[in-house]
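Structure data follow from target38.txt (compact mmCIF, N, CA and C atoms):
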```txt
# COMPACT_ATOMS: atom_id res chain seq x y z
N MET P 1 -15.48 -64.27 116.06
CA MET P 1 -14.97 -64.79 114.80
C MET P 1 -14.67 -63.60 113.90
N ASP P 2 -13.48 -63.60 113.32
CA ASP P 2 -13.15 -62.52 112.39
C ASP P 2 -13.46 -62.95 110.96
N GLU P 3 -13.28 -62.03 110.05
CA GLU P 3 -13.64 -62.28 108.65
C GLU P 3 -12.85 -63.44 108.05
N ASN P 4 -11.56 -63.55 108.34
CA ASN P 4 -10.76 -64.64 107.78
C ASN P 4 -11.22 -66.00 108.29
N GLN P 5 -11.56 -66.09 109.58
CA GLN P 5 -12.09 -67.34 110.13
C GLN P 5 -13.41 -67.69 109.47
N ALA P 6 -14.26 -66.70 109.26
CA ALA P 6 -15.55 -66.94 108.60
C ALA P 6 -15.34 -67.42 107.17
N LEU P 7 -14.41 -66.81 106.46
CA LEU P 7 -14.14 -67.24 105.09
C LEU P 7 -13.65 -68.68 105.04
N THR P 8 -12.80 -69.05 105.97
CA THR P 8 -12.32 -70.44 106.03
C THR P 8 -13.47 -71.40 106.29
N ALA P 9 -14.34 -71.05 107.23
CA ALA P 9 -15.48 -71.90 107.56
C ALA P 9 -16.44 -72.00 106.39
N PHE P 10 -16.74 -70.87 105.76
CA PHE P 10 -17.66 -70.90 104.62
C PHE P 10 -17.07 -71.67 103.45
N ALA P 11 -15.77 -71.55 103.24
CA ALA P 11 -15.11 -72.31 102.17
C ALA P 11 -15.24 -73.81 102.44
N ALA P 12 -15.12 -74.19 103.70
CA ALA P 12 -15.22 -75.61 104.04
C ALA P 12 -16.61 -76.16 103.77
N ILE P 13 -17.65 -75.40 104.05
CA ILE P 13 -19.01 -75.93 103.86
C ILE P 13 -19.60 -75.55 102.50
N SER P 14 -18.78 -74.97 101.63
CA SER P 14 -19.27 -74.63 100.30
C SER P 14 -19.27 -75.84 99.36
N ASN P 15 -18.83 -76.97 99.86
CA ASN P 15 -18.85 -78.23 99.12
C ASN P 15 -20.06 -79.04 99.58
N GLN P 16 -20.78 -79.64 98.65
CA GLN P 16 -22.01 -80.37 98.98
C GLN P 16 -21.77 -81.49 99.99
N THR P 17 -20.74 -82.28 99.80
CA THR P 17 -20.48 -83.39 100.72
C THR P 17 -20.15 -82.87 102.12
N ARG P 18 -19.32 -81.86 102.20
CA ARG P 18 -18.96 -81.32 103.52
C ARG P 18 -20.16 -80.67 104.20
N LEU P 19 -20.98 -79.99 103.44
CA LEU P 19 -22.19 -79.40 104.03
C LEU P 19 -23.10 -80.50 104.57
N ARG P 20 -23.24 -81.58 103.83
CA ARG P 20 -24.07 -82.71 104.30
C ARG P 20 -23.48 -83.32 105.57
N ILE P 21 -22.16 -83.43 105.63
CA ILE P 21 -21.52 -83.99 106.82
C ILE P 21 -21.78 -83.09 108.03
N VAL P 22 -21.61 -81.79 107.87
CA VAL P 22 -21.82 -80.87 109.00
C VAL P 22 -23.27 -80.94 109.46
N ARG P 23 -24.20 -80.93 108.52
CA ARG P 23 -25.62 -81.00 108.90
C ARG P 23 -25.93 -82.32 109.62
N MET P 24 -25.34 -83.41 109.15
CA MET P 24 -25.51 -84.71 109.79
C MET P 24 -24.98 -84.67 111.22
N LEU P 25 -23.80 -84.10 111.40
CA LEU P 25 -23.20 -84.06 112.73
C LEU P 25 -23.96 -83.13 113.67
N VAL P 26 -24.56 -82.09 113.14
CA VAL P 26 -25.40 -81.21 113.96
C VAL P 26 -26.62 -81.98 114.44
N ILE P 27 -27.24 -82.73 113.56
CA ILE P 27 -28.43 -83.51 113.92
C ILE P 27 -28.07 -84.56 114.97
N ILE P 28 -26.95 -85.22 114.81
CA ILE P 28 -26.53 -86.29 115.73
C ILE P 28 -26.19 -85.73 117.11
N GLY P 29 -25.61 -84.54 117.14
CA GLY P 29 -25.26 -83.92 118.42
C GLY P 29 -23.86 -84.26 118.87
N ALA P 30 -23.59 -84.01 120.13
CA ALA P 30 -22.25 -84.10 120.69
C ALA P 30 -21.66 -85.50 120.65
N GLY P 31 -22.51 -86.51 120.59
CA GLY P 31 -22.00 -87.89 120.56
C GLY P 31 -21.20 -88.20 119.31
N GLY P 32 -21.52 -87.52 118.22
CA GLY P 32 -20.77 -87.70 116.98
C GLY P 32 -21.06 -89.01 116.28
N ARG P 33 -20.26 -89.27 115.26
CA ARG P 33 -20.43 -90.47 114.44
C ARG P 33 -19.08 -90.87 113.87
N SER P 34 -18.89 -92.15 113.70
CA SER P 34 -17.62 -92.64 113.14
C SER P 34 -17.54 -92.31 111.66
N ALA P 35 -16.30 -92.25 111.17
CA ALA P 35 -16.09 -91.96 109.75
C ALA P 35 -16.78 -92.99 108.88
N GLY P 36 -16.74 -94.25 109.29
CA GLY P 36 -17.40 -95.30 108.52
C GLY P 36 -18.92 -95.12 108.47
N ALA P 37 -19.51 -94.73 109.59
CA ALA P 37 -20.95 -94.50 109.63
C ALA P 37 -21.32 -93.27 108.80
N ILE P 38 -20.46 -92.27 108.79
CA ILE P 38 -20.70 -91.10 107.96
C ILE P 38 -20.67 -91.49 106.49
N ALA P 39 -19.67 -92.27 106.11
CA ALA P 39 -19.57 -92.73 104.72
C ALA P 39 -20.80 -93.54 104.33
N GLU P 40 -21.24 -94.42 105.20
CA GLU P 40 -22.42 -95.24 104.93
C GLU P 40 -23.66 -94.38 104.76
N ALA P 41 -23.81 -93.40 105.63
CA ALA P 41 -24.98 -92.50 105.56
C ALA P 41 -24.97 -91.67 104.29
N LEU P 42 -23.80 -91.46 103.72
CA LEU P 42 -23.68 -90.70 102.47
C LEU P 42 -23.70 -91.62 101.25
N GLY P 43 -24.30 -92.78 101.42
CA GLY P 43 -24.47 -93.69 100.29
C GLY P 43 -23.27 -94.56 100.01
N GLY P 44 -22.47 -94.82 101.02
CA GLY P 44 -21.33 -95.71 100.84
C GLY P 44 -20.18 -95.05 100.10
N ALA P 45 -19.98 -93.77 100.33
CA ALA P 45 -18.86 -93.06 99.70
C ALA P 45 -17.54 -93.71 100.09
N PRO P 46 -16.55 -93.68 99.21
CA PRO P 46 -15.25 -94.27 99.54
C PRO P 46 -14.63 -93.62 100.78
N ALA P 47 -13.98 -94.44 101.60
CA ALA P 47 -13.39 -93.97 102.85
C ALA P 47 -12.38 -92.84 102.60
N SER P 48 -11.59 -92.94 101.54
CA SER P 48 -10.59 -91.91 101.26
C SER P 48 -11.26 -90.57 100.95
N ARG P 49 -12.38 -90.61 100.26
CA ARG P 49 -13.11 -89.38 99.94
C ARG P 49 -13.66 -88.74 101.21
N ILE P 50 -14.26 -89.56 102.07
CA ILE P 50 -14.82 -89.04 103.32
C ILE P 50 -13.71 -88.52 104.22
N SER P 51 -12.60 -89.22 104.29
CA SER P 51 -11.46 -88.76 105.10
C SER P 51 -10.97 -87.39 104.64
N PHE P 52 -10.91 -87.20 103.34
CA PHE P 52 -10.49 -85.91 102.79
C PHE P 52 -11.43 -84.81 103.27
N HIS P 53 -12.73 -85.04 103.14
CA HIS P 53 -13.71 -84.03 103.53
C HIS P 53 -13.69 -83.78 105.04
N LEU P 54 -13.57 -84.84 105.83
CA LEU P 54 -13.50 -84.68 107.28
C LEU P 54 -12.26 -83.89 107.69
N ASN P 55 -11.15 -84.14 107.03
CA ASN P 55 -9.93 -83.38 107.33
C ASN P 55 -10.11 -81.90 107.01
N GLN P 56 -10.77 -81.61 105.89
CA GLN P 56 -11.03 -80.21 105.53
C GLN P 56 -11.90 -79.53 106.58
N LEU P 57 -12.92 -80.23 107.04
CA LEU P 57 -13.81 -79.68 108.06
C LEU P 57 -13.08 -79.49 109.39
N GLU P 58 -12.21 -80.44 109.70
CA GLU P 58 -11.44 -80.32 110.95
C GLU P 58 -10.47 -79.13 110.88
N GLU P 59 -9.82 -78.97 109.74
CA GLU P 59 -8.89 -77.85 109.57
C GLU P 59 -9.62 -76.50 109.63
N SER P 60 -10.88 -76.49 109.23
CA SER P 60 -11.65 -75.23 109.26
C SER P 60 -12.12 -74.88 110.67
N GLY P 61 -12.04 -75.84 111.59
CA GLY P 61 -12.46 -75.61 112.96
C GLY P 61 -13.93 -75.85 113.21
N LEU P 62 -14.64 -76.49 112.27
CA LEU P 62 -16.06 -76.76 112.44
C LEU P 62 -16.34 -78.15 112.98
N VAL P 63 -15.36 -79.04 112.87
CA VAL P 63 -15.52 -80.45 113.26
C VAL P 63 -14.29 -80.85 114.05
N GLU P 64 -14.49 -81.73 115.03
CA GLU P 64 -13.37 -82.28 115.79
C GLU P 64 -13.48 -83.80 115.80
N SER P 65 -12.36 -84.44 116.07
CA SER P 65 -12.35 -85.91 116.11
C SER P 65 -11.77 -86.38 117.44
N ARG P 66 -12.17 -87.60 117.78
CA ARG P 66 -11.62 -88.24 118.98
C ARG P 66 -11.59 -89.75 118.70
N ARG P 67 -10.66 -90.41 119.33
CA ARG P 67 -10.54 -91.86 119.16
C ARG P 67 -11.35 -92.56 120.22
N GLU P 68 -12.13 -93.53 119.79
CA GLU P 68 -12.87 -94.43 120.70
C GLU P 68 -12.58 -95.84 120.24
N GLY P 69 -11.68 -96.50 120.95
CA GLY P 69 -11.27 -97.84 120.55
C GLY P 69 -10.57 -97.77 119.21
N ARG P 70 -11.09 -98.50 118.24
CA ARG P 70 -10.49 -98.53 116.91
C ARG P 70 -11.11 -97.51 115.96
N SER P 71 -12.12 -96.80 116.42
CA SER P 71 -12.83 -95.84 115.57
C SER P 71 -12.42 -94.41 115.87
N ILE P 72 -12.53 -93.59 114.86
CA ILE P 72 -12.39 -92.15 115.04
C ILE P 72 -13.79 -91.57 114.92
N ILE P 73 -14.20 -90.86 115.95
CA ILE P 73 -15.53 -90.28 116.01
C ILE P 73 -15.43 -88.79 115.71
N TYR P 74 -16.29 -88.32 114.82
CA TYR P 74 -16.31 -86.91 114.44
C TYR P 74 -17.55 -86.25 115.00
N SER P 75 -17.38 -85.03 115.49
CA SER P 75 -18.48 -84.25 116.06
C SER P 75 -18.40 -82.82 115.56
N ALA P 76 -19.55 -82.19 115.44
CA ALA P 76 -19.59 -80.76 115.12
C ALA P 76 -19.10 -80.00 116.34
N ILE P 77 -18.43 -78.89 116.10
CA ILE P 77 -18.01 -78.00 117.18
C ILE P 77 -19.07 -76.90 117.26
N PHE P 78 -19.99 -77.08 118.16
CA PHE P 78 -21.14 -76.19 118.24
C PHE P 78 -20.78 -74.73 118.51
N PRO P 79 -19.80 -74.42 119.37
CA PRO P 79 -19.43 -73.01 119.53
C PRO P 79 -18.93 -72.37 118.23
N ALA P 80 -18.20 -73.12 117.42
CA ALA P 80 -17.72 -72.58 116.14
C ALA P 80 -18.88 -72.31 115.19
N LEU P 81 -19.85 -73.22 115.16
CA LEU P 81 -21.02 -73.00 114.31
C LEU P 81 -21.83 -71.82 114.82
N SER P 82 -21.93 -71.68 116.13
CA SER P 82 -22.62 -70.54 116.72
C SER P 82 -21.91 -69.24 116.35
N ASP P 83 -20.60 -69.24 116.41
CA ASP P 83 -19.82 -68.06 116.04
C ASP P 83 -20.03 -67.68 114.57
N LEU P 84 -20.17 -68.69 113.72
CA LEU P 84 -20.39 -68.44 112.30
C LEU P 84 -21.75 -67.79 112.07
N VAL P 85 -22.77 -68.28 112.73
CA VAL P 85 -24.10 -67.66 112.64
C VAL P 85 -24.06 -66.25 113.21
N ALA P 86 -23.40 -66.09 114.34
CA ALA P 86 -23.30 -64.77 114.97
C ALA P 86 -22.57 -63.79 114.05
N PHE P 87 -21.55 -64.28 113.36
CA PHE P 87 -20.81 -63.43 112.42
C PHE P 87 -21.77 -62.85 111.38
N LEU P 88 -22.67 -63.67 110.88
CA LEU P 88 -23.63 -63.21 109.87
C LEU P 88 -24.68 -62.27 110.44
N MET P 89 -25.12 -62.55 111.66
CA MET P 89 -26.25 -61.83 112.24
C MET P 89 -25.86 -60.64 113.13
N ARG P 90 -24.61 -60.53 113.47
CA ARG P 90 -24.16 -59.54 114.45
C ARG P 90 -24.62 -58.12 114.14
N ASP P 91 -24.61 -57.74 112.90
CA ASP P 91 -24.94 -56.36 112.55
C ASP P 91 -26.34 -56.22 111.97
N CYS P 92 -27.18 -57.20 112.21
CA CYS P 92 -28.56 -57.16 111.74
C CYS P 92 -29.20 -55.85 112.22
N CYS P 93 -29.91 -55.21 111.34
CA CYS P 93 -30.61 -53.95 111.68
C CYS P 93 -29.63 -52.93 112.27
N GLU P 94 -28.45 -52.88 111.66
CA GLU P 94 -27.39 -51.98 112.11
C GLU P 94 -27.00 -52.21 113.56
N GLY P 95 -27.07 -53.47 113.97
CA GLY P 95 -26.66 -53.85 115.32
C GLY P 95 -27.68 -53.55 116.40
N HIS P 96 -28.93 -53.29 116.01
CA HIS P 96 -29.95 -52.92 116.98
C HIS P 96 -31.18 -53.82 116.86
N CYS P 97 -30.97 -55.12 116.81
CA CYS P 97 -32.11 -56.04 116.71
C CYS P 97 -32.13 -56.94 117.94
N ALA P 98 -33.04 -56.66 118.84
CA ALA P 98 -33.14 -57.43 120.09
C ALA P 98 -33.46 -58.89 119.82
N VAL P 99 -34.24 -59.17 118.78
CA VAL P 99 -34.61 -60.55 118.46
C VAL P 99 -33.38 -61.33 118.04
N CYS P 100 -32.58 -60.77 117.14
CA CYS P 100 -31.37 -61.46 116.70
C CYS P 100 -30.36 -61.59 117.83
N ASP P 101 -30.26 -60.56 118.66
CA ASP P 101 -29.34 -60.63 119.81
C ASP P 101 -29.71 -61.79 120.73
N LYS P 102 -31.01 -61.97 120.98
CA LYS P 102 -31.47 -63.08 121.84
C LYS P 102 -31.19 -64.42 121.16
N ALA P 103 -31.44 -64.49 119.86
CA ALA P 103 -31.20 -65.75 119.13
C ALA P 103 -29.72 -66.12 119.16
N ILE P 104 -28.86 -65.15 118.94
CA ILE P 104 -27.42 -65.39 118.97
C ILE P 104 -26.99 -65.86 120.36
N ALA P 105 -27.51 -65.21 121.39
CA ALA P 105 -27.16 -65.59 122.77
C ALA P 105 -27.62 -67.01 123.08
N LEU P 106 -28.82 -67.36 122.64
CA LEU P 106 -29.33 -68.71 122.89
C LEU P 106 -28.53 -69.76 122.12
N PHE P 107 -28.24 -69.48 120.86
CA PHE P 107 -27.49 -70.43 120.05
C PHE P 107 -26.09 -70.64 120.61
N ALA P 108 -25.51 -69.61 121.19
CA ALA P 108 -24.17 -69.71 121.77
C ALA P 108 -24.14 -70.69 122.94
N LYS P 109 -25.29 -70.96 123.55
CA LYS P 109 -25.37 -71.89 124.68
C LYS P 109 -25.49 -73.34 124.23
N CYS P 110 -25.70 -73.58 122.95
CA CYS P 110 -25.90 -74.94 122.45
C CYS P 110 -24.64 -75.78 122.60
N THR P 111 -24.81 -76.97 123.15
CA THR P 111 -23.69 -77.90 123.33
C THR P 111 -23.82 -79.13 122.45
N GLY P 112 -24.95 -79.24 121.77
CA GLY P 112 -25.19 -80.43 120.97
C GLY P 112 -25.75 -81.58 121.78
N ARG P 113 -26.04 -81.32 123.04
CA ARG P 113 -26.62 -82.35 123.91
C ARG P 113 -28.08 -82.01 124.16
N GLN P 114 -28.91 -83.05 124.21
CA GLN P 114 -30.32 -82.84 124.45
C GLN P 114 -30.53 -82.26 125.84
N THR P 115 -31.53 -81.40 125.93
CA THR P 115 -31.90 -80.82 127.22
C THR P 115 -33.34 -81.18 127.51
N ASP P 116 -33.70 -81.09 128.77
CA ASP P 116 -35.09 -81.35 129.15
C ASP P 116 -35.95 -80.20 128.65
N PRO P 117 -37.15 -80.51 128.16
CA PRO P 117 -38.03 -79.45 127.70
C PRO P 117 -38.41 -78.51 128.85
N VAL P 118 -38.55 -77.25 128.53
CA VAL P 118 -38.94 -76.26 129.51
C VAL P 118 -40.44 -76.08 129.44
N ASP P 119 -41.10 -76.11 130.60
CA ASP P 119 -42.56 -75.94 130.62
C ASP P 119 -42.96 -74.52 130.42
```

Reformat the file's structure so that it appears as structure tokens.
Amino acid sequence: MDENQALTAFAAISNQTRLRIVRMLVIIGAGGRSAGAIAEALGGAPASRISFHLNQLEESGLVESRREGRSIIYSAIFPALSDLVAFLMRDCCEGHCAVCDKAIALFAKCTGRQTDPVD
């Protein structure tokens, strides 16, 4: 991720509603949630308001949509979120932090789908 992509992503989540939507979609995982369910979870926000915010998030590359029947389902794009975190952490300790490097590598593997616990 370059600086311009990071700025676009940060601009998208610098709004309280959009940040709440992204956090909600991260919690839900790859299955996503319909626009109506997102609006309901945000206290019954008007559909036009939620659509505006979802479009902004989609244009920033942090969220994607797909049609399922009559619904549009929105999901977080986990690789984009991973890239955003990596952008911030890449030069930690002047680029010599093994802990951050491991964390970035692990986060990059996240798909938003549950995995079996490791013993």

Rounded to one decimal, what separation in Å do you get between atom C of Ala41 (chain P) and atom N of Arg20 (chain P)?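 Interatomic distance here is 10.2 Å.
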
Between P:Ala12, P:Tyr74, P:Ala86, P:Val99, which one has atoms that come closest to Gly31 (chain P), using only N, CA and C atoms?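 Smallest distance to Gly31 (chain P) is found for P:Tyr74.
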
Per DSSP on the backbone, filter chain P down to the residues in alpha helix (DSSP H) and report them as an NGL selection string. :P and (3-12 or 16-28 or 35-41 or 47-60 or 78-89 or 98-108)

Residues within 6 Å of region 105-107 of chain P, please, as a short mmCIF file (atom, residue, chain, number, x, y, z; two decimals) with N, CA and C atoms, keeping the file's coordinate frame. Count all atoms listed in the file; anything in the same chain fewer than 4 positions from it doesn't count.
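Printed below is part24.cif as written:
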```
data_model
loop_
_atom_site.label_atom_id
_atom_site.label_comp_id
_atom_site.auth_asym_id
_atom_site.auth_seq_id
_atom_site.Cartn_x
_atom_site.Cartn_y
_atom_site.Cartn_z
N SER P 82 -21.93 -71.68 116.13
CA SER P 82 -22.62 -70.54 116.72
C SER P 82 -21.91 -69.24 116.35
N CYS P 100 -32.58 -60.77 117.14
CA CYS P 100 -31.37 -61.46 116.70
C CYS P 100 -30.36 -61.59 117.83
N ASP P 101 -30.26 -60.56 118.66
CA ASP P 101 -29.34 -60.63 119.81
C ASP P 101 -29.71 -61.79 120.73
#
```

Nearest to Pro79 (chain P) by atom-to-atom distance, counting only C-alpha atoms, from P:Ala103, P:Leu42, P:Ala47, P:Ala108: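 Of all the options, P:Ala108 lies closest to Pro79 (chain P).
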
May I ask for the distance between CA of Val63 (chain P) and atom C of Arg90 (chain P), given in Å to one decimal place?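 Those two atoms sit 24.1 Å apart.
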
Run DSSP on the backbone and give me the residues of chain P it puts in strand (DSSP E or B), as JSON, numbers by chain. {"P": [33, 34, 63, 64, 65, 66, 67, 68, 71, 72, 73, 74, 75, 76]}

So which one's closest to Leu25 (chain P), P:Met1, P:Ala6, P:Ile77, P:Leu54? Using all atoms listed in the file, please.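 Nearest candidate to Leu25 (chain P) out of P:Met1, P:Ala6, P:Ile77, P:Leu54: P:Ile77.
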
Could you state the separation of atom C of Phe87 (chain P) and CA of Ser14 (chain P) in Å, given to one decimal place?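 Atom-to-atom, atom C of Phe87 (chain P) to CA of Ser14 (chain P), that is 16.4 Å.
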
Using only N, CA and C atoms for the distances, tell me which of P:Val85, P:Leu7, P:Phe78, P:Arg18 is nearest to Ile104 (chain P).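 So, comparing all the options, the nearest one is P:Val85.
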
Can region 36-47 of chain P be brought up to all heavy atoms and written out as a PDB file, keeping the file's coordinate frame?
```pdb
ATOM      1  N   GLY P  36     -16.740 -94.250 109.290  1.00  0.00           N
ATOM      2  CA  GLY P  36     -17.400 -95.300 108.520  1.00  0.00           C
ATOM      3  C   GLY P  36     -18.920 -95.120 108.470  1.00  0.00           C
ATOM      4  O   GLY P  36     -19.541 -95.312 107.417  1.00  0.00           O
ATOM      5  N   ALA P  37     -19.510 -94.730 109.590  1.00  0.00           N
ATOM      6  CA  ALA P  37     -20.950 -94.500 109.630  1.00  0.00           C
ATOM      7  C   ALA P  37     -21.320 -93.270 108.800  1.00  0.00           C
ATOM      8  O   ALA P  37     -22.380 -93.241 108.157  1.00  0.00           O
ATOM      9  CB  ALA P  37     -21.427 -94.337 111.070  1.00  0.00           C
ATOM     10  N   ILE P  38     -20.460 -92.270 108.790  1.00  0.00           N
ATOM     11  CA  ILE P  38     -20.700 -91.100 107.960  1.00  0.00           C
ATOM     12  C   ILE P  38     -20.670 -91.490 106.490  1.00  0.00           C
ATOM     13  O   ILE P  38     -21.560 -91.120 105.710  1.00  0.00           O
ATOM     14  CB  ILE P  38     -19.665 -89.994 108.253  1.00  0.00           C
ATOM     15  CG1 ILE P  38     -19.887 -89.429 109.662  1.00  0.00           C
ATOM     16  CG2 ILE P  38     -19.727 -88.883 107.207  1.00  0.00           C
ATOM     17  CD1 ILE P  38     -18.776 -88.533 110.155  1.00  0.00           C
ATOM     18  N   ALA P  39     -19.670 -92.270 106.110  1.00  0.00           N
ATOM     19  CA  ALA P  39     -19.570 -92.730 104.720  1.00  0.00           C
ATOM     20  C   ALA P  39     -20.800 -93.540 104.330  1.00  0.00           C
ATOM     21  O   ALA P  39     -21.355 -93.347 103.237  1.00  0.00           O
ATOM     22  CB  ALA P  39     -18.298 -93.553 104.534  1.00  0.00           C
ATOM     23  N   GLU P  40     -21.240 -94.420 105.200  1.00  0.00           N
ATOM     24  CA  GLU P  40     -22.420 -95.240 104.930  1.00  0.00           C
ATOM     25  C   GLU P  40     -23.660 -94.380 104.760  1.00  0.00           C
ATOM     26  O   GLU P  40     -24.462 -94.586 103.852  1.00  0.00           O
ATOM     27  CB  GLU P  40     -22.617 -96.246 106.052  1.00  0.00           C
ATOM     28  CG  GLU P  40     -23.711 -97.255 105.786  1.00  0.00           C
ATOM     29  CD  GLU P  40     -23.818 -98.275 106.898  1.00  0.00           C
ATOM     30  OE1 GLU P  40     -22.766 -98.795 107.319  1.00  0.00           O
ATOM     31  OE2 GLU P  40     -24.953 -98.536 107.335  1.00  0.00           O
ATOM     32  N   ALA P  41     -23.810 -93.400 105.630  1.00  0.00           N
ATOM     33  CA  ALA P  41     -24.980 -92.500 105.560  1.00  0.00           C
ATOM     34  C   ALA P  41     -24.970 -91.670 104.290  1.00  0.00           C
ATOM     35  O   ALA P  41     -26.024 -91.232 103.815  1.00  0.00           O
ATOM     36  CB  ALA P  41     -25.016 -91.593 106.783  1.00  0.00           C
ATOM     37  N   LEU P  42     -23.800 -91.460 103.720  1.00  0.00           N
ATOM     38  CA  LEU P  42     -23.680 -90.700 102.470  1.00  0.00           C
ATOM     39  C   LEU P  42     -23.700 -91.620 101.250  1.00  0.00           C
ATOM     40  O   LEU P  42     -23.199 -91.274 100.202  1.00  0.00           O
ATOM     41  CB  LEU P  42     -22.409 -89.855 102.475  1.00  0.00           C
ATOM     42  CG  LEU P  42     -22.389 -88.718 103.490  1.00  0.00           C
ATOM     43  CD1 LEU P  42     -21.037 -88.031 103.489  1.00  0.00           C
ATOM     44  CD2 LEU P  42     -23.502 -87.721 103.200  1.00  0.00           C
ATOM     45  N   GLY P  43     -24.300 -92.780 101.420  1.00  0.00           N
ATOM     46  CA  GLY P  43     -24.470 -93.690 100.290  1.00  0.00           C
ATOM     47  C   GLY P  43     -23.270 -94.560 100.010  1.00  0.00           C
ATOM     48  O   GLY P  43     -23.067 -94.988  98.874  1.00  0.00           O
ATOM     49  N   GLY P  44     -22.470 -94.820 101.020  1.00  0.00           N
ATOM     50  CA  GLY P  44     -21.330 -95.710 100.840  1.00  0.00           C
ATOM     51  C   GLY P  44     -20.180 -95.050 100.100  1.00  0.00           C
ATOM     52  O   GLY P  44     -19.471 -95.692  99.331  1.00  0.00           O
ATOM     53  N   ALA P  45     -19.980 -93.770 100.330  1.00  0.00           N
ATOM     54  CA  ALA P  45     -18.860 -93.060  99.700  1.00  0.00           C
ATOM     55  C   ALA P  45     -17.540 -93.710 100.090  1.00  0.00           C
ATOM     56  O   ALA P  45     -17.414 -94.222 101.202  1.00  0.00           O
ATOM     57  CB  ALA P  45     -18.880 -91.587 100.126  1.00  0.00           C
ATOM     58  N   PRO P  46     -16.550 -93.680  99.210  1.00  0.00           N
ATOM     59  CA  PRO P  46     -15.250 -94.270  99.540  1.00  0.00           C
ATOM     60  C   PRO P  46     -14.630 -93.620 100.780  1.00  0.00           C
ATOM     61  O   PRO P  46     -14.722 -92.407 100.967  1.00  0.00           O
ATOM     62  CB  PRO P  46     -14.397 -93.979  98.303  1.00  0.00           C
ATOM     63  CG  PRO P  46     -15.363 -93.681  97.211  1.00  0.00           C
ATOM     64  CD  PRO P  46     -16.581 -93.125  97.861  1.00  0.00           C
ATOM     65  N   ALA P  47     -13.980 -94.440 101.600  1.00  0.00           N
ATOM     66  CA  ALA P  47     -13.390 -93.970 102.850  1.00  0.00           C
ATOM     67  C   ALA P  47     -12.380 -92.840 102.600  1.00  0.00           C
ATOM     68  O   ALA P  47     -12.328 -91.877 103.364  1.00  0.00           O
ATOM     69  CB  ALA P  47     -12.729 -95.119 103.591  1.00  0.00           C
TER      70      ALA P  47
END
```
